[in-house]
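Notes to accompany the following structure.
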Amino acid sequence: QVQLVESGGGLVQAGGSLRLSCAASGYTFSIHGMGWFRQAPGKERESVAAINWNGRNTYYADSVKGRFTISRNNAAKMVFLQMNSLKPEDTAVYYCASRRAQYDDITGVWGTPGRYDYWGQGTQVTVSS
């Protein structure tokens, strides 16, 4: 079965950096779009970034543009989120997600949680001020 396992979360001071990783298994990772989402206490899950199956197209929420970078290594079956210049408002549980559709253009769906079929368990990111 499909498994997505996030790692790399932790406590960091404002202005610091973290790199989240998501290891995928149980399916052909290289042909599916991937996304990162986050959810803070009392708030809805929101999109952070996404990347299409071959890594050529990336998408970012306005709140993280210029600070976060999504990337993937298809050979290693991993997707990453490099987070720089972190702010206290970035504090949340961060989730890795995968679409089931193959080789698709995720331009119109990348930011919608309901358009993703597989989810990891999440990793906590806490940014102190």
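Identifiers for the structure tokens are assigned positionally: chains receive A, B, ... in sequence, residues are indexed from 1 per chain, and ligands are indexed from 1 in the order shown.
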
For this session: Could you give me, as a list of chain:residue names, the residues within 6 Å of region 9-24 of chain A, counting only C-alpha atoms and dropping anything in the same chain fewer than 2 positions from it?
Result: A:Gln3, A:Leu4, A:Val5, A:Glu6, A:Ser7, A:Lys77, A:Met78, A:Val79, A:Phe80, A:Leu81, A:Gln82, A:Met83, A:Asn84, A:Ser85, A:Leu86, A:Lys87, A:Thr123, A:Gln124, A:Val125, A:Thr126, A:Val127, A:Ser128, A:Ser129

Exercise. Hey, what does DSSP flag as strand (DSSP E) within region 18-75 of chain A? Can you give it to me as a PyMOL selection string?
Worked result: chain A and resi 18-25+34-39+46-51+58-60+68-73

Exercise. Of the candidates A:Phe37, A:Tyr59, A:Trp53, A:Phe29, which one gets nearest to Asp104 (chain A) if we count only C-alpha atoms?
Worked result: A:Trp53

Problem set entry | Non-local contacts of Lys65 (chain A) (10 Å; only C-alpha atoms; under 5 positions in same chain excluded) as a ChimeraX atom specification | /A:48-49,59-60

Exercise. How many Å lie between CA of Gln1 (chain A) and CA of Thr107 (chain A), rounded to one decimal?
Worked result: 26.7 Å
